[in-house]
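Everything on this sheet refers to the single structure shown next.
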Amino acid sequence: MKKALIITLLFHLFFQANAQEDWGEPIVIDFPKLSQLSLDNQGFIFIADSEGNIYQFDRQGKEINNFSPHRQGAISHLEASWTVNIFAFSQDLQEYRILDRFIIPISENRIPLTHFNVVKVATLGNNNIIWVFDETDLSLKQWDYRRNRIFQDQPLNLILERSTFAITDMREYQNLLFLNIEEEGIYILDNQGNFIKRIPQTIEQSLSFYKTNLVFLDKKDLVLMNFQTGKSNRFQIPETLSGYHVVMNQYQVIFYNEKRVVLYAKDLTPLNDT
């Protein structure tokens, strides 16, 4: 019995060691005061610091561009997945900014008081619209920022019953709008703002997607949850990555916190076949 226990323990330790080695050697970017991180579809990494400066890195962790705004303020939402345009929103300043892929500003302005009161969350959508959640009247609006026109104005209390409306993040993906509501989970709406379903999964980071999956960390696992079927796949992460968030694309699996970014080549990780 004692010998069997020793063999079992050795096998467990061997398996754990191999599981850690499966991730390969990472590239590390030291980045104090990291506030937001987003990926585009070409493998570039965009990072915002706590003062609203935005930096662009390549897959090797080399900084290739940076942008510093005239008015300093924390960015509460950074979205680069549209590739052509990069969207940044500051809740503190009530300002939005749209930049090209070289992080040169194309459009920047304050949120107009003619249409909004206090905007808590905003994100870029298709066809030159910005989705806006106005905290004052709990409304979800589609705003054409070029023409300064409201296309849709939906009272969320009529769409989402018995919700606290404590929205922490919002993002349009595959013609669907995802709302992350604190302690309630992920609400999915269509591109007209109509309710489709709720996924009762708490995600304590910015919304991150890969193919038809939500990507997030749950304790010591990286989780890919299919938002169409609800099925999940779990992958054990290296033990050194406690307290991180995660994003991924076809090239890399990237972990980050407020101090550093850790880049793993996807084809050298357990997620190679996903």
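Identifiers in the structure tokens: chain A, B, ... in order shown; residue index from 1 per chain; ligand index from 1 in order shown.
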So which residues touch stretch 91-104 of chain A within 7 Å, counting only C-alpha atoms, skipping near sequence neighbours fewer than 3 positions away, as an mmCIF file with N, CA and C atoms, in the first residue's frame?
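Saved to around00.cif:
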data_model
loop_
_atom_site.group_PDB
_atom_site.id
_atom_site.type_symbol
_atom_site.label_atom_id
_atom_site.label_comp_id
_atom_site.auth_asym_id
_atom_site.auth_seq_id
_atom_site.Cartn_x
_atom_site.Cartn_y
_atom_site.Cartn_z
ATOM 1 N N ASN A 65 4.724 51.834 -31.117
ATOM 2 C CA ASN A 65 4.034 53.128 -31.199
ATOM 3 C C ASN A 65 3.527 53.514 -29.819
ATOM 4 N N ASN A 66 3.305 54.806 -29.626
ATOM 5 C CA ASN A 66 2.660 55.257 -28.392
ATOM 6 C C ASN A 66 1.898 56.542 -28.661
ATOM 7 N N PHE A 67 0.918 56.797 -27.819
ATOM 8 C CA PHE A 67 0.079 57.991 -27.945
ATOM 9 C C PHE A 67 -0.173 58.557 -26.560
ATOM 10 N N GLY A 73 -6.235 61.148 -18.194
ATOM 11 C CA GLY A 73 -7.319 60.535 -17.438
ATOM 12 C C GLY A 73 -7.376 59.050 -17.712
ATOM 13 N N ALA A 74 -7.761 58.284 -16.727
ATOM 14 C CA ALA A 74 -7.783 56.826 -16.864
ATOM 15 C C ALA A 74 -8.765 56.391 -17.944
ATOM 16 N N SER A 76 -11.291 53.670 -19.195
ATOM 17 C CA SER A 76 -12.095 52.602 -18.598
ATOM 18 C C SER A 76 -12.459 51.515 -19.601
ATOM 19 N N THR A 83 -9.567 46.275 -35.493
ATOM 20 C CA THR A 83 -8.331 46.371 -36.287
ATOM 21 C C THR A 83 -8.190 47.708 -37.006
ATOM 22 N N VAL A 84 -9.169 48.096 -37.822
ATOM 23 C CA VAL A 84 -9.074 49.367 -38.547
ATOM 24 C C VAL A 84 -9.107 50.534 -37.573
ATOM 25 N N ASN A 85 -9.982 50.444 -36.572
ATOM 26 C CA ASN A 85 -10.122 51.505 -35.575
ATOM 27 C C ASN A 85 -9.905 50.965 -34.171
ATOM 28 N N ILE A 86 -9.358 51.817 -33.329
ATOM 29 C CA ILE A 86 -9.177 51.502 -31.910
ATOM 30 C C ILE A 86 -10.036 52.478 -31.121
ATOM 31 N N PHE A 87 -10.779 51.951 -30.167
ATOM 32 C CA PHE A 87 -11.713 52.774 -29.402
ATOM 33 C C PHE A 87 -11.261 52.864 -27.952
ATOM 34 N N ALA A 88 -11.291 54.081 -27.422
ATOM 35 C CA ALA A 88 -10.962 54.290 -26.006
ATOM 36 C C ALA A 88 -12.021 55.196 -25.393
ATOM 37 N N SER A 107 -10.927 60.613 -34.365
ATOM 38 C CA SER A 107 -12.041 61.357 -33.793
ATOM 39 C C SER A 107 -11.920 61.322 -32.277
ATOM 40 N N GLU A 108 -12.123 62.465 -31.644
ATOM 41 C CA GLU A 108 -12.095 62.520 -30.179
ATOM 42 C C GLU A 108 -12.965 63.671 -29.714
ATOM 43 N N ASN A 109 -13.724 63.423 -28.669
ATOM 44 C CA ASN A 109 -14.638 64.451 -28.198
ATOM 45 C C ASN A 109 -15.210 64.046 -26.847
ATOM 46 N N ARG A 110 -15.832 65.018 -26.200
ATOM 47 C CA ARG A 110 -16.573 64.721 -24.983
ATOM 48 C C ARG A 110 -17.911 64.099 -25.355
ATOM 49 N N ILE A 111 -18.445 63.284 -24.472
ATOM 50 C CA ILE A 111 -19.780 62.733 -24.671
ATOM 51 C C ILE A 111 -20.778 63.892 -24.630
ATOM 52 N N VAL A 119 -22.425 58.716 -18.598
ATOM 53 C CA VAL A 119 -22.137 57.473 -19.308
ATOM 54 C C VAL A 119 -21.190 56.632 -18.465
ATOM 55 N N LYS A 120 -21.627 55.433 -18.123
ATOM 56 C CA LYS A 120 -20.787 54.539 -17.324
ATOM 57 C C LYS A 120 -19.936 53.637 -18.205
#
Would you kindly return, as a VMD selection string, each protein, DNA or RNA residue with an atom no farther than 12 Å from any atom of A:Gln228, considering only C-alpha atoms and excluding same-chain residues fewer than 5 positions away? chain A and resid 174 176 188 196 to 199 211 to 214
Contacts of A:Leu39 at 9 Å (only C-alpha atoms; same-chain gap of 6+ positions) as a PyMOL selection string: chain A and resi 45-47+79-81+83+247-249
Give me, as a PyMOL selection string, all polymer residues having an atom no more than 9 Å from A:Thr136, counting only C-alpha atoms and skipping those fewer than 4 positions away in the same chain. chain A and resi 116-119
Hey, can you spit out that residue selection with N, CA and C atoms as a compact mmCIF listing (two decimals), in the first residue's frame?
# COMPACT_ATOMS: atom_id res chain seq x y z
N PHE A 116 -26.80 62.58 -23.55
CA PHE A 116 -26.45 61.72 -22.42
C PHE A 116 -26.26 62.53 -21.15
N ASN A 117 -26.42 61.83 -20.02
CA ASN A 117 -26.18 62.45 -18.72
C ASN A 117 -24.85 61.96 -18.14
N VAL A 118 -24.86 60.74 -17.58
CA VAL A 118 -23.62 60.15 -17.06
C VAL A 118 -23.42 58.80 -17.73
N VAL A 119 -22.43 58.72 -18.60
CA VAL A 119 -22.14 57.47 -19.31
C VAL A 119 -21.19 56.63 -18.47
Nearest residue to A:Asp40 from the set A:Gln252, A:Ile159, A:Leu263, A:Tyr244 (distances using only C-alpha atoms):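 Checking each candidate against A:Asp40, we get A:Gln252 as the closest.
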Calculated over only C-alpha atoms, which of the candidates A:Val262, A:Leu78, A:Ala48, A:Leu156 has the smallest distance to A:Leu207?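 Checking each candidate against A:Leu207, we get A:Leu78 as the closest.
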Tell me which protein, DNA and RNA residues are within 9 Å of A:Asp49, counting only C-alpha atoms, leaving out same-chain ones fewer than 6 positions away, and put them as a CSV table (one decimal) with N, CA and C atoms, in the first residue's frame.
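Written out: around19.csv:
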chain,number,residue,atom,x,y,z
A,31,PHE,N,5.3,46.5,-17.1
A,31,PHE,CA,4.5,47.7,-17.5
A,31,PHE,C,3.8,48.2,-16.2
A,32,PRO,N,4.4,49.0,-15.4
A,32,PRO,CA,3.8,49.5,-14.2
A,32,PRO,C,2.6,50.4,-14.5
A,33,LYS,N,1.6,50.4,-13.7
A,33,LYS,CA,0.4,51.2,-13.8
A,33,LYS,C,-0.5,50.8,-15.1
A,34,LEU,N,-0.4,49.5,-15.4
A,34,LEU,CA,-1.3,49.0,-16.5
A,34,LEU,C,-2.7,49.2,-16.1
A,35,SER,N,-3.5,49.7,-17.0
A,35,SER,CA,-4.9,49.9,-16.8
A,35,SER,C,-5.8,49.0,-17.6
A,36,GLN,N,-5.6,49.0,-19.0
A,36,GLN,CA,-6.4,48.3,-19.9
A,36,GLN,C,-5.5,47.6,-20.9
A,55,TYR,N,-0.1,52.4,-25.7
A,55,TYR,CA,1.2,51.9,-26.2
A,55,TYR,C,0.8,50.7,-27.1
A,74,ALA,N,-7.8,58.3,-16.7
A,74,ALA,CA,-7.8,56.8,-16.9
A,74,ALA,C,-8.8,56.4,-17.9
A,75,ILE,N,-8.4,55.4,-18.7
A,75,ILE,CA,-9.2,54.8,-19.7
A,75,ILE,C,-10.0,53.6,-19.1
A,258,GLU,N,-1.7,44.6,-13.2
A,258,GLU,CA,-1.4,46.0,-13.2
A,258,GLU,C,0.1,46.3,-13.3
If we count only C-alpha atoms and set the cut-off at 8 Å, which residues sit around A:Leu217, ignoring sequence neighbours fewer than 6 positions away in its own chain? Please answer as a count of residues only. 4
From the set A:Leu177, A:Arg260, A:Asn127, A:Phe255, which residue has the shortest atom-to-atom contact distance to A:Phe227, counting only C-alpha atoms? A:Leu177
Between A:Gln56, A:Asn148, A:Ser206, A:Gln72, which is the closest to A:Thr123 once you count only C-alpha atoms?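 When distances to A:Thr123 are compared using only C-alpha atoms, the smallest one comes from A:Ser206.
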So which one's closest to A:Gly61, A:Leu179, A:Leu37, A:Ile237, A:Ile27? Using only C-alpha atoms, please. A:Ile27
Excluding same-chain residues fewer than 5 positions from A:Phe178, what lies within 6 Å of it counting only C-alpha atoms, as a list in words?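 Residues near the query, excluding close chain neighbours: Met170, Arg171, Tyr187 and Ile188 of chain A.
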Among the residues A:Phe235, A:Thr274, A:Lys259, A:Lys220, the one that comes closest to A:Trp23 [using only C-alpha atoms]: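 Using only C-alpha atoms, A:Trp23 sits closest to A:Phe235.
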